[in-house]
Structure formats: C-alpha cells, structure tokens
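Participant: Starting off with a structure, shown below.
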Amino acid sequence: MSQPTPYQQLALSSRVRLALAAVLAVVVFVRAWQLADPPEPLRISEETTLITEPLAADGYPDYVAALLERMGRGTPPSQNAAVEVWRAIGSGEVDPEYREALFAEIGCPVPPEEGLLEDFRGDALRNEIADWLDEENKGAFDRELLLEQADKLLDTLTRRPLPVDCPPLQAWFDRNREGLDLLVEASHKPAYYSPPPNLLTNPPDQLYAALLTDKFGLRDAAQPIASRASIRLDQDTTSGAIEGTYALLLHGDQLMQQPLLVTNLLGVSIRQYAFNFANILVDGCDDAEVLEALSNVVRASGVPDFAKRALAFGEPAALLDEVSGVLLRHRPSVDELLTQQLRALDELGIEPNVVFGNVRSWLKHLESAASCPDRVRRKELAERRDEELDSMMDQFGTRSGILALISRKKRSEVAARTVIVLLSPVVRVITTAEDETYTRQQLTLLAAALKLHRVEHGAYPATLDALDPELLESLPTDPFTNRPFRYQRRGEGFALWSLGPNGIDDGGTDARGHFVDGEHAPVDWYNEREPRDGADDLVVRLPIPPIELPDPR
C-alpha cells in the first residue's frame, strides 16, 4: 500500500483537528448548559427512591435504617430466635469490632466466644472420625485422605443414615445435647433478627457490602440437627425425629421471611436439610399416624414466596443505595467499575430523577414477574427480562455514546441501564432457588403419600394417579413443567423426580451426582465421579441405602 502524500497527511491532520475541535465545542456547550440549567433535585417518592422514610441527615433515603426495620429491629429478645442461636454457636462467629454493637442491637449480653455447640465441621471432630475410619480400615489410608473422607461422611449424613455405631459421632451428639436442644427451642420463636453487623457502624457499610460480609452460623448449626436423628434413627423417638424436621423447617422459614437475598438462600439450604431428613423418616416409618403427622409438618411450612419480596424491597434498596451513594453522596461503590461509569456520566450532567425512575420502573417489572403464581410462566417472563437486559447491553455502542454526549436525558438513561444490567444474575438465582425449595417440599409430600399408600395397601401404586384421593388434597405437579412428576415403581420402592430448572428429563440424574438414573450413587469417597454435564433433576428414591464406608483399594 502506498504511503499518503504530504498533502493527504495534512488533510488528514486537519480533519482530526476539526473533529477534536468539534468534540471540545460540544463538551464546552454541555458544561455551560449544565451551569445554566442544573438538574432537577431528586424527588423522594416510591416511583424514584422506593421509600420516602426514614431519611438520613442529608435528606436522602436511609436505606440501611429501612432495611433494619424490615428485618425486625426492635424485636424483643423473648421473641427473637437469634438470642438462643448465638448462645448455641457462640460469638466467635462475629468479628470482635462488631460484637458489642450487634448484641446491643439484638438486646442481649455478648455470648462467650465458644458457644454450647462445638463446631460440627471443626478439626476436632474431623480428626476423631478420621481416627475411627483408620481403625476400621486397619491403616489402609493416608491421613489427608482420611480427613477428606471424614468431611464426606459428615456431608452424606444429612441425606443418608449411618447404620454402624460411630463412637466419635455419638460422643459429639452426647456432649452437645444442650446446644442442639436450645436450637430446636429457638425454632419456635416468631422471629429471627440478627442483622449484618457492618450495617450497625457509623457510617454503615453499603447494603451490597452487607450482603456479603455477615456470616450467619445457623446453617452450620442446622446440619447436626438433621444428622443427630439420621445417624441412628432407631435410637431416636418418633416424636423427636419429627420435632427435628419441624425445627429445621421453622428456622428455614424464619430466614426466608427476611428481605435480604443472602438470608433467603440460607433459609433454602436449611430447608434442604429438613426435606432430606423427612425423606429418611418416611423411608423408615410404617406407621400411618406418624406419616400423616410428618406430612402436616412439611405442609405447614407453606408455599415459599421470598422472590417477590426480595425484589420488592431487598434488592431494590441495595441497588438504589449504591446509586445514591455514587451520584448523591459521592460515596465509593462496592463495584469500582460501576462507580467509574456513573461518575463519568455524572460529570457530564445527568437527571437523578430519570436515573432513579428508570431503575424503579425496571424493578417493578421484575417484581411483577416474580409474583406470577404459575412458575413456568414466571420463568418465561424472567427469560424475557434477560433478553431485554442483553438488548440493553447491545445498545452501549457508538450511537448511544454520541447521543449521551449531547443529551442529558440520554445520559441519564445510559446511567440507569448501567445499573440495571447488574440485576440479571440476581433474578435467576432467587427465582430458581425458590422454585427448587418448593419442588423439594412437594416431592417430600408426595413421597409420604406414596408410603402411606403402601402401608394401607401393601405395595406402592403403579402410577401416581392410583394414589388414594384422601392422601393429598390434589395430586401435585412439577413446578418446573406444570406436568406430573416422573414416577417409577422399582423393586420394593420407587424413584420420583422433577425435571428441575432446565425442564429436561435427565432420567433422575441430579446436578451434584448424588443420584444417577434415579438411583442413589455410591458415596464418592475418592472424589472420582464427575456429575453428568447439565443434569439437574430433583430426585427422591426409596428405600434410602445406608452409608457404606470406604473400602481399601
């Protein structure tokens, strides 16, 4: 290719200079216009700021105070399950700089660092179980593998019984009876108020930071509640077994009533322990009255609906707190890139009411979709919102940049889109988690009805339609498809599964490799099994085989 002539170089240079001069002229014009026509002050209204009170000293919404109120600020200690939970797990879970403020907020003395409950996943118990496994297998494993196997055993205990006597586990449960009983007692309290402690500082952290920093110990404490009965169900009373299930469901429900996504997901994980143990109890029970009582306990936990509540307040408050911090208070954002983008647009001049109004409008769309009672339809609406978010991202091109340079309204809309695109993964996580915990609840109720049918008729039915109508108010359908659950009578038991979030029948294979083709997979003591790619069925298989201990190779 020939080199440009000096004349062409001069012409090119002149065009560049003219273009730069034009851009500079536009910037000067925009800045002059900003001074002559400043943006309208932010309107405090539901359509823009979500809340109208309480207000901070600067006159803008105090999202942290509003969140604490909705979490249960002012709950009397006598009604707050967190008081007993912290006594059980100890204050060592809390960073020392936050302890005084947290427990003053809850309204109780600071508990000792070491609670009544020893760490179920701590080094002490892991080493004791590793010693026991080593003795059982006559020194066939190295220490690192033994510790991995101890972890695997503790994980598996939440969904399968251990038929042999394990002295370290039995000793742990005996030592920790008081703490476990205290957790069960706490589950019957009407509220659980334990706010993220970094929201109690002055000034408090941003809500998005708070969602990530507080470590609740209730999930770690829930695991031994389930494991205590499943280790030797025959040694536990039936009423005690049902009480353990009920306690886990109540604790899960307490957390799912909170406005924060992180606590909602914690509640989901605790409910998972409850449903796993309920299935173990169903498998081992041949008493119709007990099965009916267990069904009533599972049914009493109700239909989870935290997605719409989180999208009605928790997520909007966190998002708008970020925006107001960057645009109105010039407070650093949790997301540095978001801060840079918003402040760059703000330097050119934006309308806060347009930004907040656009964000609020979009959030209302998401809340409306999450409120749809038909979960299949809700998924379709969520996917449509995702497509629209992707489309928004595609619009961040040259044309948008030029328009944003000369139009304050356009710049404000770009700022709103910059914030909105952060929501897509949050919406997927929260709606899928709600659908999964509801589906597992329905699977457990259906499993109990199937076992009742066998108790009364001597065998499991050939099809779900053959279930006695009085066992269920109506035959539940798979929330992910609105079609019947997959059911197969197998030998002396059955396999029952939902198609899961992908809506595809994976033949009873789940995402974590616990079930393969509707059967319990052997415990993967050597971490060799890889889950089938993309499979995500939710499965119940009875009978539930006991945990088989690792064999030397």
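Labels for the structure tokens follow display order: chains A, B, ..., residues from 1 in each chain, ligands from 1.
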Using only C-alpha atoms, determine which residues lie at most 9 Å from Arg73 (chain A), disregarding the query and same-chain residues fewer than 5 positions distant; provide the list as a PyMOL selection string.

Facilitator: chain A and resi 67-68+105-106+193-195

Participant: So, counting only C-alpha atoms, which residue among A:Leu311, A:Ala241, A:Ala288, A:Leu207 is closest to Gly325 (chain A)?

Facilitator: A:Leu207

Participant: Any idea what the distance is between CA of Thr238 (chain A) and CA of Lys451 (chain A)?

Facilitator: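 Computing it gives 16.1 Å between the two atoms.
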
Participant: What's the 7 Å shell around Leu147 (chain A), counting only C-alpha atoms, without same-chain residues fewer than 3 positions away, as a VMD selection string?

Facilitator: chain A and resid 126 to 127 130 143 to 144 150 to 151

Participant: Would you put the residues from that selection into a file with N, CA and C atoms, as a PDB file, in the first residue's frame?

Facilitator:
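Okay, selection03.pdb is ready:
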ATOM      1  N   ARG A 126     -13.450 -33.861  62.944  1.00  0.00           N
ATOM      2  CA  ARG A 126     -12.914 -34.450  61.709  1.00  0.00           C
ATOM      3  C   ARG A 126     -11.766 -35.406  62.031  1.00  0.00           C
ATOM      4  N   ASN A 127     -10.907 -35.006  62.941  1.00  0.00           N
ATOM      5  CA  ASN A 127      -9.775 -35.864  63.295  1.00  0.00           C
ATOM      6  C   ASN A 127     -10.232 -37.112  64.047  1.00  0.00           C
ATOM      7  N   ALA A 130     -11.645 -39.375  61.466  1.00  0.00           N
ATOM      8  CA  ALA A 130     -10.539 -39.915  60.669  1.00  0.00           C
ATOM      9  C   ALA A 130      -9.834 -41.033  61.434  1.00  0.00           C
ATOM     10  N   ARG A 143      -3.322 -39.927  55.900  1.00  0.00           N
ATOM     11  CA  ARG A 143      -4.062 -39.007  56.765  1.00  0.00           C
ATOM     12  C   ARG A 143      -4.886 -38.009  55.967  1.00  0.00           C
ATOM     13  N   GLU A 144      -4.329 -37.449  54.930  1.00  0.00           N
ATOM     14  CA  GLU A 144      -5.064 -36.450  54.147  1.00  0.00           C
ATOM     15  C   GLU A 144      -6.337 -37.039  53.567  1.00  0.00           C
ATOM     16  N   ALA A 150     -13.671 -38.062  56.155  1.00  0.00           N
ATOM     17  CA  ALA A 150     -14.445 -37.600  57.306  1.00  0.00           C
ATOM     18  C   ALA A 150     -15.406 -36.491  56.888  1.00  0.00           C
ATOM     19  N   ASP A 151     -14.911 -35.551  56.073  1.00  0.00           N
ATOM     20  CA  ASP A 151     -15.789 -34.499  55.546  1.00  0.00           C
ATOM     21  C   ASP A 151     -16.923 -35.092  54.723  1.00  0.00           C
TER      22      ASP A 151
END

Participant: Find the spatial neighbours of Asn527 (chain A), counting only C-alpha atoms, within a cut-off of 10 Å - ignore same-chain residues fewer than 6 positions away - and output them as a list in words.

Facilitator: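 In the requested form, the answer reads Glu148, Gln149 and Lys152 of chain A.
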
Participant: Just list as a ChimeraX atom specification whatever in region 117-287 of chain A DSSP marks as helix (DSSP H, G or I).

Facilitator: /A:123-136,143-156,167-175,177-186,197-199,207-213,218-231,233-235,238-256,261-284

Participant: Fewer than 2 positions away in the same chain doesn't count, so skip those; otherwise give me all residues within 12 Å of Asp58 (chain A), counting only C-alpha atoms, as a ChimeraX atom specification.

Facilitator: /A:54-56,60-62,324-325,328-329

Participant: When you count only C-alpha atoms, which of these residues is closest to Asp181 (chain A): A:Ala101, A:Met256, A:Val85, A:Val164?

Facilitator: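 Among A:Ala101, A:Met256, A:Val85, A:Val164, it is A:Val85 that comes nearest to Asp181 (chain A).
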
Participant: What's the 8 Å shell around Thr431 (chain A), counting only C-alpha atoms, without same-chain residues fewer than 5 positions away, as a PDB file with all heavy atoms, in the first residue's frame?

Facilitator:
ATOM      1  N   ALA A 307     -39.086 -14.616  46.677  1.00  0.00           N
ATOM      2  CA  ALA A 307     -38.543 -13.956  45.479  1.00  0.00           C
ATOM      3  C   ALA A 307     -39.219 -12.604  45.258  1.00  0.00           C
ATOM      4  O   ALA A 307     -38.548 -11.590  45.037  1.00  0.00           O
ATOM      5  CB  ALA A 307     -38.717 -14.853  44.259  1.00  0.00           C
ATOM      6  N   ALA A 370     -41.898 -11.959  39.253  1.00  0.00           N
ATOM      7  CA  ALA A 370     -41.672 -12.876  40.369  1.00  0.00           C
ATOM      8  C   ALA A 370     -42.949 -13.174  41.137  1.00  0.00           C
ATOM      9  O   ALA A 370     -43.018 -14.170  41.860  1.00  0.00           O
ATOM     10  CB  ALA A 370     -40.627 -12.289  41.322  1.00  0.00           C
ATOM     11  N   LYS A 379     -40.924 -18.227  34.819  1.00  0.00           N
ATOM     12  CA  LYS A 379     -39.625 -18.470  34.203  1.00  0.00           C
ATOM     13  C   LYS A 379     -39.564 -17.846  32.815  1.00  0.00           C
ATOM     14  O   LYS A 379     -38.553 -17.254  32.422  1.00  0.00           O
ATOM     15  CB  LYS A 379     -39.367 -19.976  34.116  1.00  0.00           C
ATOM     16  CG  LYS A 379     -38.014 -20.325  33.516  1.00  0.00           C
ATOM     17  CD  LYS A 379     -37.819 -21.834  33.439  1.00  0.00           C
ATOM     18  CE  LYS A 379     -36.486 -22.187  32.792  1.00  0.00           C
ATOM     19  NZ  LYS A 379     -36.303 -23.654  32.668  1.00  0.00           N
TER      20      LYS A 379
END

Participant: What's the separation between CA of Gly534 (chain A) and CA of Gln488 (chain A), in Å to one decimal place?

Facilitator: 22.3 Å

Participant: I'd like the contact shell of region 509-522 of chain A - 7 Å cut-off, only C-alpha atoms, skipping same-chain residues fewer than 4 positions apart - returned as a list in words.

Facilitator: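 Those residues are Ala495, Pro531, Ala535, Asp536, Asp537, Leu538, Val539 and Arg541 of chain A.
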
Participant: What is the distance, in Å and to one decimal place, between CA of His365 (chain A) and CA of Gln441 (chain A)?

Facilitator: 27.9 Å
